[in-house]
>>> print(open('query05.tsv').read())   # TSV, C-alpha atoms and all ligand atoms
chain	number	residue	atom	x	y	z
A	120	MET	CA	239.38	101.04	36.48
A	121	ASP	CA	241.06	98.40	38.66
A	122	ILE	CA	239.53	94.93	38.50
A	123	THR	CA	241.98	93.64	41.10
A	124	LYS	CA	245.21	95.11	42.45
A	125	ASP	CA	247.09	93.92	39.34
A	126	ILE	CA	244.37	93.75	36.68
A	127	ILE	CA	243.36	97.02	35.04
A	128	TYR	CA	240.49	97.66	32.62
A	129	ILE	CA	241.43	99.64	29.50
A	130	GLY	CA	238.39	99.03	27.27
A	131	VAL	CA	236.33	101.61	25.40
A	132	ASN	CA	232.65	102.50	24.88
A	133	ASP	CA	231.20	102.89	21.39
A	134	HIS	CA	228.14	105.11	20.97
A	135	ASP	CA	228.62	105.73	17.24
A	136	LEU	CA	227.90	102.25	15.98
A	137	ASP	CA	224.82	101.79	13.76
A	138	LEU	CA	224.80	97.97	13.66
A	139	PHE	CA	227.04	95.62	15.66
A	140	GLU	CA	228.58	92.95	13.45
A	141	GLY	CA	226.69	94.51	10.56
A	142	GLN	CA	223.25	93.46	11.77
A	143	TYR	CA	222.42	93.98	15.46
A	144	ASP	CA	220.82	97.15	16.78
A	145	VAL	CA	222.71	98.45	19.81
A	146	PRO	CA	220.55	101.24	21.23
A	147	ASN	CA	222.85	101.61	24.23
A	148	GLY	CA	226.07	101.27	22.26
A	149	MET	CA	228.75	98.65	22.69
A	150	ALA	CA	231.81	98.10	24.87
A	151	TYR	CA	235.05	96.57	23.60
A	152	ASN	CA	236.89	95.38	26.67
A	153	SER	CA	240.63	95.07	27.09
A	154	TYR	CA	242.69	94.34	30.20
A	155	VAL	CA	246.24	94.64	31.45
A	156	ILE	CA	247.90	92.45	34.08
A	157	LEU	CA	250.75	94.27	35.79
A	158	ASP	CA	253.19	91.71	37.21
A	159	GLU	CA	256.93	91.04	36.78
A	160	LYS	CA	255.89	90.55	33.18
A	161	ILE	CA	253.06	92.63	31.73
A	162	ALA	CA	250.27	91.10	29.64
A	163	VAL	CA	247.63	92.93	27.60
A	164	PHE	CA	244.40	91.09	26.73
A	165	ASP	CA	243.05	91.81	23.25
A	166	THR	CA	242.75	95.10	21.43
A	167	VAL	CA	239.57	97.01	20.54
A	168	ASP	CA	237.57	98.07	17.49
A	169	ARG	CA	239.48	99.89	14.74
A	170	ARG	CA	237.82	103.26	15.42
A	171	PHE	CA	239.07	103.37	19.01
A	172	GLY	CA	242.74	102.60	18.46
A	173	LYS	CA	244.08	105.92	19.68
A	174	GLU	CA	241.84	106.08	22.76
A	175	TRP	CA	242.82	102.53	23.68
A	176	LEU	CA	246.57	103.03	23.13
A	177	ASP	CA	246.40	106.21	25.24
A	178	LYS	CA	244.68	104.33	28.07
A	179	LEU	CA	247.24	101.56	27.78
A	180	ALA	CA	250.17	104.02	27.91
A	181	ALA	CA	248.67	105.70	30.99
A	182	THR	CA	248.32	102.31	32.69
A	183	LEU	CA	251.85	101.23	31.76
A	184	ASP	CA	253.26	104.49	33.10
A	185	GLY	CA	256.50	104.21	31.14
A	186	LYS	CA	256.80	100.41	31.25
A	187	THR	CA	256.48	98.22	28.17
A	188	PRO	CA	254.23	95.18	27.78
A	189	ASP	CA	255.76	91.72	27.44
A	190	TYR	CA	252.77	89.86	26.00
A	191	LEU	CA	249.74	90.62	23.87
A	192	ILE	CA	247.24	87.84	24.51
A	193	VAL	CA	244.94	87.48	21.49
A	194	GLN	CA	241.92	85.45	22.51
A	195	HIS	CA	239.74	86.19	19.50
A	196	MET	CA	240.53	87.44	16.01
A	197	GLU	CA	237.20	89.04	15.14
A	198	PRO	CA	238.00	92.65	14.24
A	199	ASP	CA	236.01	94.17	17.12
A	200	HIS	CA	238.90	92.85	19.25
A	201	SER	CA	241.82	92.37	16.90
A	202	ALA	CA	241.75	95.49	14.72
A	203	ASN	CA	244.55	97.24	16.60
A	204	ILE	CA	247.07	94.40	16.77
A	205	VAL	CA	249.31	96.00	14.12
A	206	ALA	CA	249.11	99.47	15.72
A	207	PHE	CA	249.94	97.89	19.09
A	208	MET	CA	252.92	95.97	17.70
A	209	GLU	CA	254.23	99.09	15.98
A	210	THR	CA	254.00	100.95	19.30
A	211	TYR	CA	255.51	98.11	21.36
A	212	PRO	CA	257.66	96.16	18.88
A	213	ASN	CA	259.30	93.93	21.49
A	214	THR	CA	256.04	92.39	22.65
A	215	THR	CA	255.39	88.67	22.13
A	216	VAL	CA	251.99	87.78	20.70
A	217	VAL	CA	250.26	84.83	22.39
A	218	ALA	CA	247.43	83.05	20.55
A	219	THR	CA	246.30	79.70	19.12
A	220	ASP	CA	247.75	78.47	15.82
A	221	ARG	CA	244.39	79.11	14.17
A	222	ALA	CA	244.43	82.69	15.43
A	223	PHE	CA	247.81	83.29	13.77
A	224	VAL	CA	246.43	81.95	10.46
A	225	ILE	CA	243.51	84.40	10.65
A	226	MET	CA	245.88	87.20	11.76
A	227	LYS	CA	247.89	86.71	8.58
A	228	GLN	CA	244.70	86.79	6.51
A	229	PHE	CA	243.59	90.08	8.04
A	230	PHE	CA	246.90	91.88	8.38
A	231	GLY	CA	249.39	90.08	6.12
A	232	LYS	CA	251.57	89.27	9.15
A	233	ASP	CA	251.59	86.67	11.90
A	234	TYR	CA	254.62	87.75	13.95
A	235	ALA	CA	256.47	84.47	13.42
A	236	GLU	CA	259.56	85.84	15.19
A	237	ARG	CA	257.69	87.22	18.19
A	238	ARG	CA	254.98	84.82	19.08
A	239	ILE	CA	253.97	81.95	21.35
A	240	VAL	CA	251.50	79.46	19.90
A	241	VAL	CA	249.43	78.00	22.71
A	242	LYS	CA	247.39	74.83	22.94
A	243	GLU	CA	244.79	73.57	25.40
A	244	LYS	CA	245.92	74.05	29.03
A	245	ASP	CA	249.28	75.60	28.14
A	246	THR	CA	250.46	78.02	30.82
A	247	LEU	CA	252.39	81.27	30.87
A	248	SER	CA	253.94	82.71	34.03
A	249	LEU	CA	253.95	86.48	34.51
A	250	GLY	CA	255.41	86.26	38.03
A	251	LYS	CA	252.68	85.93	40.66
A	252	HIS	CA	250.09	85.38	37.95
A	253	THR	CA	250.14	82.17	35.94
A	254	LEU	CA	247.84	82.14	32.95
A	255	THR	CA	246.22	78.92	31.74
A	256	PHE	CA	244.79	78.96	28.22
A	257	LEU	CA	241.66	76.97	27.39
A	258	THR	CA	240.65	76.66	23.76
A	259	ALA	CA	237.03	77.50	23.06
A	260	PRO	CA	236.49	76.83	19.35
A	261	MET	CA	233.28	78.36	17.93
A	262	VAL	CA	232.63	80.45	21.00
A	263	HIS	CA	232.46	82.37	18.73
A	264	TRP	CA	235.07	81.69	16.02
A	265	PRO	CA	237.31	78.61	15.66
A	266	GLU	CA	240.50	80.26	16.95
A	267	VAL	CA	239.01	81.45	20.25
A	268	MET	CA	240.60	80.71	23.58
A	269	VAL	CA	239.78	81.88	27.09
A	270	THR	CA	242.33	82.45	29.84
A	271	TYR	CA	242.32	81.65	33.55
A	272	ASP	CA	244.42	83.50	36.08
A	273	ALA	CA	244.64	81.35	39.22
A	274	CYS	CA	246.24	84.14	41.28
A	275	ASP	CA	243.21	86.46	41.21
A	276	ARG	CA	240.76	83.66	40.23
A	277	VAL	CA	239.79	85.50	37.05
A	278	LEU	CA	238.38	83.97	33.88
A	279	PHE	CA	239.00	86.09	30.79
A	280	SER	CA	236.07	84.71	28.83
A	281	ALA	CA	236.43	86.26	25.34
A	282	ASP	CA	232.92	86.74	23.81
A	283	GLY	CA	231.40	84.43	26.45
A	284	PHE	CA	229.31	86.28	29.07
A	285	GLY	CA	229.34	89.36	26.85
A	286	LYS	CA	226.37	91.57	26.09
A	287	PHE	CA	225.31	94.46	23.92
A	288	GLY	CA	225.52	97.91	25.53
A	289	ALA	CA	228.28	100.33	26.48
A	290	LEU	CA	229.48	100.31	30.09
A	291	ASP	CA	228.43	103.91	30.79
A	292	VAL	CA	224.75	102.98	30.42
A	293	GLU	CA	222.81	101.25	33.20
A	294	GLU	CA	220.63	98.40	31.98
A	295	ASP	CA	219.50	94.91	32.88
A	296	TRP	CA	222.25	92.38	32.16
A	297	ALA	CA	220.14	89.39	31.11
A	298	CYS	CA	218.03	91.14	28.47
A	299	GLU	CA	220.92	92.30	26.30
A	300	ALA	CA	223.17	89.35	27.20
A	301	ARG	CA	220.44	86.95	26.02
A	302	ARG	CA	219.88	88.84	22.74
A	303	TYR	CA	223.67	88.86	22.24
A	304	TYR	CA	224.03	85.15	23.12
A	305	PHE	CA	221.29	83.86	20.84
A	306	GLY	CA	222.18	86.25	18.03
A	307	ILE	CA	225.87	85.60	18.01
A	308	VAL	CA	226.73	82.33	19.76
A	309	GLY	CA	223.32	80.61	19.81
A	310	LYS	CA	224.20	78.08	17.12
A	311	TYR	CA	227.11	76.76	19.18
A	312	GLY	CA	225.34	75.48	22.30
A	313	ALA	CA	227.37	72.25	22.38
A	314	GLN	CA	230.64	74.20	22.27
A	315	VAL	CA	229.46	76.55	25.03
A	316	GLN	CA	228.48	73.53	27.14
A	317	LYS	CA	232.00	72.16	26.69
A	318	LEU	CA	233.49	75.45	27.83
A	319	LEU	CA	231.15	75.56	30.85
A	320	GLY	CA	232.30	72.05	31.73
A	321	ALA	CA	235.93	73.18	31.68
A	322	ALA	CA	235.06	76.31	33.67
A	323	SER	CA	233.29	74.25	36.34
A	324	ALA	CA	236.68	72.77	37.33
A	325	LEU	CA	238.07	76.26	38.01
A	326	ASP	CA	237.72	78.41	41.10
A	327	ILE	CA	236.37	81.60	39.52
A	328	ALA	CA	235.75	84.82	41.45
A	329	ILE	CA	235.63	87.27	38.51
A	330	ILE	CA	234.65	86.94	34.84
A	331	CYS	CA	236.24	89.44	32.44
A	332	PRO	CA	234.45	89.24	29.07
A	333	LEU	CA	235.31	91.16	25.91
A	334	HIS	CA	231.91	92.92	25.93
A	335	GLY	CA	229.71	94.04	28.78
A	336	PRO	CA	230.46	94.49	32.46
A	337	VAL	CA	233.06	92.61	34.47
A	338	LEU	CA	231.11	90.10	36.57
A	339	LYS	CA	232.18	89.94	40.19
A	340	GLU	CA	229.17	88.91	42.23
A	341	ASN	CA	226.56	86.22	42.11
A	342	LEU	CA	228.43	84.31	39.39
A	343	GLY	CA	226.07	81.35	39.80
A	344	TYR	CA	223.31	83.47	38.24
A	345	TYR	CA	225.29	84.17	35.07
A	346	LEU	CA	226.69	80.63	34.82
A	347	GLY	CA	223.17	79.24	35.35
A	348	LEU	CA	221.71	81.35	32.54
A	349	TYR	CA	224.54	80.33	30.21
A	350	ASN	CA	223.88	76.71	31.07
A	351	THR	CA	220.15	77.09	30.30
A	352	TRP	CA	220.77	78.96	27.06
A	353	SER	CA	223.48	76.66	25.74
A	354	SER	CA	221.48	73.52	26.58
A	355	TYR	CA	218.40	74.96	24.80
A	356	GLY	CA	216.49	74.80	28.07
A	357	VAL	CA	213.40	76.86	28.89
A	358	GLU	CA	214.34	79.94	30.89
A	359	SER	CA	210.90	81.47	31.56
A	360	GLU	CA	207.35	80.16	31.73
A	361	GLY	CA	205.07	81.71	29.12
A	362	VAL	CA	204.03	81.86	25.49
A	363	VAL	CA	205.57	83.96	22.76
A	364	ILE	CA	203.52	84.68	19.64
A	365	ALA	CA	205.44	85.64	16.50
A	366	TYR	CA	203.29	86.81	13.61
A	367	THR	CA	203.05	88.57	10.29
A	368	SER	CA	199.89	90.22	9.06
A	369	VAL	CA	199.19	92.02	5.77
A	370	TYR	CA	195.74	93.60	6.32
A	371	GLY	CA	195.30	93.08	10.05
A	372	ASN	CA	193.22	89.90	9.99
A	373	THR	CA	195.97	87.57	11.18
A	374	LYS	CA	196.89	90.23	13.73
A	375	LYS	CA	193.32	90.19	15.03
A	376	ALA	CA	193.52	86.43	15.53
A	377	VAL	CA	196.83	86.90	17.39
A	378	GLU	CA	195.28	89.53	19.67
A	379	THR	CA	192.35	87.22	20.33
A	380	LEU	CA	194.69	84.36	21.19
A	381	ALA	CA	196.72	86.61	23.50
A	382	GLU	CA	193.52	87.57	25.36
A	383	GLU	CA	192.42	83.94	25.61
A	384	LEU	CA	195.86	82.96	26.92
A	385	LYS	CA	195.68	85.60	29.63
A	386	ALA	CA	192.13	84.54	30.49
A	387	ALA	CA	193.33	80.93	30.75
A	388	GLY	CA	195.98	81.99	33.28
A	389	CYS	CA	199.12	81.94	31.12
A	390	PRO	CA	201.83	83.59	33.28
A	391	LYS	CA	203.35	85.63	30.45
A	392	VAL	CA	202.33	86.35	26.85
A	393	THR	CA	204.79	88.11	24.54
A	394	VAL	CA	203.75	89.19	21.04
A	395	ASN	CA	206.19	90.06	18.24
A	396	ASP	CA	205.19	91.52	14.85
A	397	LEU	CA	208.03	90.11	12.76
A	398	ALA	CA	207.75	92.82	10.10
A	399	ARG	CA	208.27	95.60	12.64
A	400	CYS	CA	210.09	94.30	15.70
A	401	ASP	CA	213.82	93.76	16.10
A	402	MET	CA	214.27	90.24	14.67
A	403	ALA	CA	217.02	89.53	17.23
A	404	GLU	CA	214.51	90.27	20.05
A	405	ALA	CA	212.01	87.86	18.50
A	406	VAL	CA	214.71	85.17	18.22
A	407	GLU	CA	215.73	85.76	21.84
A	408	ASP	CA	212.11	85.38	22.99
A	409	ALA	CA	211.64	82.16	21.03
A	410	PHE	CA	214.59	80.62	22.89
A	411	ARG	CA	213.60	82.11	26.23
A	412	TYR	CA	210.09	80.68	26.49
A	413	GLY	CA	208.91	77.11	26.23
A	414	THR	CA	205.98	77.68	23.89
A	415	LEU	CA	205.94	79.49	20.55
A	416	VAL	CA	202.93	80.31	18.39
A	417	LEU	CA	203.61	81.09	14.74
A	418	ALA	CA	200.89	83.05	12.92
A	419	THR	CA	201.30	83.99	9.29
A	420	THR	CA	199.74	84.43	5.92
A	421	THR	CA	200.15	82.19	2.92
A	422	TYR	CA	202.17	84.11	0.34
A	423	ASN	CA	203.12	83.00	-3.17
A	424	GLY	CA	202.30	79.43	-2.16
A	425	ASP	CA	204.75	79.78	0.71
A	426	ILE	CA	204.77	81.85	3.90
A	427	PHE	CA	205.22	85.55	4.37
A	428	PRO	CA	208.92	86.55	3.97
A	429	PHE	CA	209.48	87.82	7.53
A	430	MET	CA	208.18	84.53	8.94
A	431	ARG	CA	210.41	82.53	6.62
A	432	GLU	CA	213.40	84.58	7.76
A	433	PHE	CA	212.41	84.11	11.41
A	434	LEU	CA	212.17	80.33	11.04
A	435	HIS	CA	215.54	80.32	9.32
A	436	GLU	CA	217.03	82.31	12.22
A	437	LEU	CA	215.64	79.71	14.65
A	438	THR	CA	216.57	76.55	12.78
A	439	GLU	CA	220.12	77.64	12.00
A	440	ARG	CA	220.62	78.13	15.75
A	441	GLY	CA	219.44	74.60	16.53
A	442	TYR	CA	215.97	75.55	17.79
A	443	LYS	CA	214.49	72.56	19.66
A	444	ASN	CA	212.74	71.27	22.71
A	445	ARG	CA	209.70	73.55	22.49
A	446	ARG	CA	205.92	73.41	22.01
A	447	ILE	CA	204.61	75.00	18.83
A	448	GLY	CA	201.18	76.36	17.92
A	449	ILE	CA	200.24	77.47	14.40
A	450	ILE	CA	197.74	79.97	13.02
A	451	GLU	CA	197.64	80.23	9.22
A	452	ASN	CA	195.73	82.52	6.90
A	453	GLY	CA	194.95	82.05	3.21
A	454	SER	CA	192.16	83.44	1.05
A	455	TRP	CA	192.06	80.68	-1.54
A	456	ALA	CA	194.73	78.03	-0.82
A	457	PRO	CA	196.07	78.24	2.75
A	458	THR	CA	199.38	76.38	2.84
A	459	ALA	CA	201.29	78.29	5.54
A	460	ALA	CA	200.86	75.61	8.23
A	461	LYS	CA	202.20	72.95	5.89
A	462	ARG	CA	205.19	75.13	5.00
A	463	ILE	CA	205.92	75.92	8.66
A	464	LYS	CA	205.89	72.22	9.52
A	465	ALA	CA	208.21	71.49	6.60
A	466	LEU	CA	210.63	74.27	7.61
A	467	LEU	CA	210.74	72.94	11.18
A	468	GLU	CA	211.09	69.32	10.13
A	469	GLY	CA	214.79	69.12	11.04
A	470	SER	CA	214.29	70.63	14.50
A	471	LYS	CA	214.38	68.16	17.37
A	472	ASP	CA	211.85	67.67	20.12
A	473	LEU	CA	209.17	70.06	18.90
A	474	THR	CA	205.61	69.23	19.93
A	475	LEU	CA	202.75	70.60	17.84
A	476	VAL	CA	199.90	71.85	20.01
A	477	GLU	CA	196.49	71.34	18.35
A	478	PRO	CA	194.32	72.68	16.92
A	479	VAL	CA	196.11	74.32	14.01
A	480	VAL	CA	193.87	77.31	13.28
A	481	THR	CA	193.16	78.14	9.64
A	482	LEU	CA	191.74	81.57	8.78
A	483	ARG	CA	190.12	82.10	5.41
A	484	SER	CA	190.82	85.81	4.83
A	485	ALA	CA	189.38	86.96	8.17
A	486	MET	CA	188.51	85.46	11.54
A	487	SER	CA	185.24	83.53	11.60
A	488	GLU	CA	183.13	82.66	14.62
A	489	ALA	CA	184.47	79.10	14.41
A	490	ASN	CA	188.02	80.49	14.44
A	491	GLY	CA	187.20	82.26	17.71
A	492	GLU	CA	186.26	78.93	19.28
A	493	GLU	CA	189.38	77.27	17.86
A	494	LEU	CA	191.60	80.02	19.28
A	495	LYS	CA	189.98	79.54	22.68
A	496	ALA	CA	190.65	75.80	22.47
A	497	LEU	CA	194.24	76.45	21.35
A	498	ALA	CA	194.79	78.84	24.27
A	499	GLN	CA	193.59	76.21	26.71
A	500	GLU	CA	195.88	73.56	25.25
A	501	LEU	CA	198.85	75.99	25.23
A	502	CYS	CA	198.26	76.75	28.91
A	503	ARG	CA	198.07	73.13	29.89
B	1	LIG	FE1	233.14	90.28	20.03
B	1	LIG	FE2	233.08	87.51	18.14
B	1	LIG	O1	233.60	89.21	18.59
>>> encode(input="query05.tsv", output="structure tokens")
Amino acid sequence: MDITKDIIYIGVNDHDLDLFEGQYDVPNGMAYNSYVILDEKIAVFDTVDRRFGKEWLDKLAATLDGKTPDYLIVQHMEPDHSANIVAFMETYPNTTVVATDRAFVIMKQFFGKDYAERRIVVKEKDTLSLGKHTLTFLTAPMVHWPEVMVTYDACDRVLFSADGFGKFGALDVEEDWACEARRYYFGIVGKYGAQVQKLLGAASALDIAIICPLHGPVLKENLGYYLGLYNTWSSYGVESEGVVIAYTSVYGNTKKAVETLAEELKAAGCPKVTVNDLARCDMAEAVEDAFRYGTLVLATTTYNGDIFPFMREFLHELTERGYKNRRIGIIENGSWAPTAAKRIKALLEGSKDLTLVEPVVTLRSAMSEANGEELKALAQELCR
């Protein structure tokens, strides 16, 4: 696949993966992208997952058509991209490896070698000329690991964006970009909004026509849409109007209150209501929704003087990613000593700019008539 006249795609699709990075469901598989620039000098961008080494090296050999690469650009050392560095260097031993100093430290940790005799250590804004194409390297620490850099090719106006602008899903499956890019972003990079904002600032000074990420499709059109979403996500802004309700329920009574609230929200004109059962849904989807919408309702049972485990995990997933700038509603349940609301407030204490929407609704075992009125009042406040 040609990206431009000189830039060729040599990535692979993975449909055998059970969990990406050991935790994320990938129902439509995963793509590990890799690129070659054919110029007076030849550069290869990143390798692919360990299990696809042969397929990738075969694609590379077909693209090189008897030539040999001059540079292996290593933008990210996570093994989904770096696992075939040694196999590559054994196949093309005269190649020079180009990466940040931190990347070479991690390379040595993974592989016991850092190619001290055949490497170029690059820093912020260092350049490398391939002929027509001059590459400029921009460090992007914590997007998604500390050694990460992205690369700009001024000749074809291409940003090689490492994990940035990536998504779940193999490239031979058609699906909406934003849904799986958002789940990927908040799952994997969500904690590092400030670092992504810094990278977006640097990118705004570049004339970019094409974004080549390490996962997901190459982005060639309507780049403002993708850059806009990344700006919203990394600044913890609200992307969509609506309310998301995240709940746990043991015997269905808390669930009934959630269903009642959802109906009241719709009746009150709420543009979108999304409900996630935290014990049964994909947790990464629930996290994505919490960051997507401006209002979150948390409904859970009191459990061992605390809150139900799936809710505790959910709140941990949010707070460790810097959850903020949202409105929160709470429904708690407890048969003898309801303390869930208190625990939720305590767990969210460190989160900035959260506004509690009253009333907090307390169920005693099951929904009472008074609870029905409270839920109606809560729905009206949430829709305000
Ligand atoms: Fe796709 Fe952070 O590796």
>>> atom_distance(input="query05.tsv", atom1="atom CA of Ala235 of chain A", atom2="atom CA of Ala218 of chain A")
11.6 Å
>>> residues_around(input="query05.tsv", residues="Gln228 of chain A", least_positions_apart="5", cutoff="12 Å", atoms="only C-alpha atoms", output="CSV table (one decimal) with C-alpha atoms, keeping the file's coordinate frame")
chain,number,residue,atom,x,y,z
A,196,MET,CA,240.5,87.4,16.0
A,197,GLU,CA,237.2,89.0,15.1
A,198,PRO,CA,238.0,92.6,14.2
A,221,ARG,CA,244.4,79.1,14.2
A,222,ALA,CA,244.4,82.7,15.4
A,223,PHE,CA,247.8,83.3,13.8
A,233,ASP,CA,251.6,86.7,11.9
>>> residues_near_ligand(input="query05.tsv", ligand="ligand LIG 1 (chain B)", cutoff="9 Å", atoms="only C-alpha atoms and all ligand atoms", output="VMD selection string")
chain A and resid 140 151 195 to 201 262 to 264 267 281 to 283 285 307 to 308 333 to 334
>>> closest_residue(input="query05.tsv", among="A:Val241, A:Cys502, A:Cys331, A:Ala386", to="Leu415 of chain A", atoms="all atoms listed in the file")
A:Cys502
>>> closest_residue(input="query05.tsv", among="A:Cys400, A:Ala181, A:Ala496, A:Val277", to="Ile329 of chain A", atoms="only C-alpha atoms")
A:Val277
>>> closest_residue(input="query05.tsv", among="A:Ala324, A:Val476, A:Leu380, A:Leu319", to="Ser353 of chain A", atoms="all atoms listed in the file")
A:Leu319
>>> atom_distance(input="query05.tsv", atom1="atom CA of Arg169 of chain A", atom2="atom CA of Leu257 of chain A")
26.3 Å
>>> closest_residue(input="query05.tsv", among="A:Val362, A:Ala162, A:Leu437, A:Ala381", to="Ala403 of chain A", atoms="all atoms listed in the file")
A:Leu437
>>> residues_near_point(input="query05.tsv", point="(242.0, 82.8, 30.2)", cutoff="6 Å", atoms="all atoms listed in the file", output="VMD selection string")
chain A and resid 255 to 256 269 to 271 278 to 279
>>> closest_residue(input="query05.tsv", among="A:Val240, A:Ala409, A:Leu249, A:Val394", to="Ala376 of chain A", atoms="all atoms listed in the file")
A:Val394
>>> atom_distance(input="query05.tsv", atom1="atom CA of Leu434 of chain A", atom2="atom CA of Ala300 of chain A")
21.5 Å
>>> closest_residue(input="query05.tsv", among="A:Glu383, A:Ile426, A:Glu439, A:Cys274", to="Gly312 of chain A", atoms="only C-alpha atoms")
A:Glu439
>>> axis_aligned_box(input="query05.tsv", around="segment 222-235 of chain A", padding_each_side="4 Å", output="lines of an AutoDock Vina configuration file")
center_x = 250.0
center_y = 86.9
center_z = 10.8
size_x = 21.0
size_y = 17.9
size_z = 17.3
>>> build_atoms(input="query05.tsv", residues="segment 308-314 of chain A", atoms="all heavy atoms", output="mmCIF file, keeping the file's coordinate frame")
data_model
loop_
_atom_site.group_PDB
_atom_site.id
_atom_site.type_symbol
_atom_site.label_atom_id
_atom_site.label_comp_id
_atom_site.auth_asym_id
_atom_site.auth_seq_id
_atom_site.Cartn_x
_atom_site.Cartn_y
_atom_site.Cartn_z
ATOM 1 N N VAL A 308 226.125 83.626 19.402
ATOM 2 C CA VAL A 308 226.730 82.330 19.760
ATOM 3 C C VAL A 308 225.693 81.210 19.779
ATOM 4 O O VAL A 308 226.041 80.041 19.956
ATOM 5 C CB VAL A 308 227.429 82.431 21.148
ATOM 6 C CG1 VAL A 308 228.417 81.288 21.337
ATOM 7 C CG2 VAL A 308 228.167 83.749 21.327
ATOM 8 N N GLY A 309 224.410 81.562 19.597
ATOM 9 C CA GLY A 309 223.320 80.610 19.810
ATOM 10 C C GLY A 309 223.451 79.292 19.077
ATOM 11 O O GLY A 309 223.006 78.251 19.561
ATOM 12 N N LYS A 310 224.057 79.317 17.905
ATOM 13 C CA LYS A 310 224.200 78.080 17.120
ATOM 14 C C LYS A 310 225.142 77.081 17.803
ATOM 15 O O LYS A 310 225.066 75.881 17.551
ATOM 16 C CB LYS A 310 224.753 78.455 15.741
ATOM 17 C CG LYS A 310 225.002 77.306 14.787
ATOM 18 C CD LYS A 310 225.528 77.859 13.472
ATOM 19 C CE LYS A 310 226.052 76.774 12.544
ATOM 20 N NZ LYS A 310 225.010 75.953 11.978
ATOM 21 N N TYR A 311 226.010 77.590 18.671
ATOM 22 C CA TYR A 311 227.110 76.760 19.180
ATOM 23 C C TYR A 311 226.899 76.334 20.636
ATOM 24 O O TYR A 311 227.808 76.379 21.458
ATOM 25 C CB TYR A 311 228.435 77.515 18.998
ATOM 26 C CG TYR A 311 228.655 77.877 17.548
ATOM 27 C CD1 TYR A 311 228.558 79.197 17.118
ATOM 28 C CD2 TYR A 311 228.899 76.884 16.610
ATOM 29 C CE1 TYR A 311 228.720 79.518 15.779
ATOM 30 C CE2 TYR A 311 229.052 77.193 15.269
ATOM 31 C CZ TYR A 311 228.965 78.513 14.857
ATOM 32 O OH TYR A 311 229.105 78.821 13.533
ATOM 33 N N GLY A 312 225.659 75.902 20.938
ATOM 34 C CA GLY A 312 225.340 75.480 22.300
ATOM 35 C C GLY A 312 226.261 74.373 22.797
ATOM 36 O O GLY A 312 226.721 74.397 23.939
ATOM 37 N N ALA A 313 226.541 73.387 21.948
ATOM 38 C CA ALA A 313 227.370 72.250 22.380
ATOM 39 C C ALA A 313 228.767 72.739 22.761
ATOM 40 O O ALA A 313 229.352 72.285 23.760
ATOM 41 C CB ALA A 313 227.458 71.208 21.263
ATOM 42 N N GLN A 314 229.303 73.683 21.984
ATOM 43 C CA GLN A 314 230.640 74.200 22.270
ATOM 44 C C GLN A 314 230.640 75.030 23.559
ATOM 45 O O GLN A 314 231.607 74.998 24.330
ATOM 46 C CB GLN A 314 231.146 75.035 21.098
ATOM 47 C CG GLN A 314 231.478 74.205 19.860
ATOM 48 C CD GLN A 314 230.285 73.921 18.959
ATOM 49 O OE1 GLN A 314 229.130 74.061 19.352
ATOM 50 N NE2 GLN A 314 230.567 73.516 17.733
#
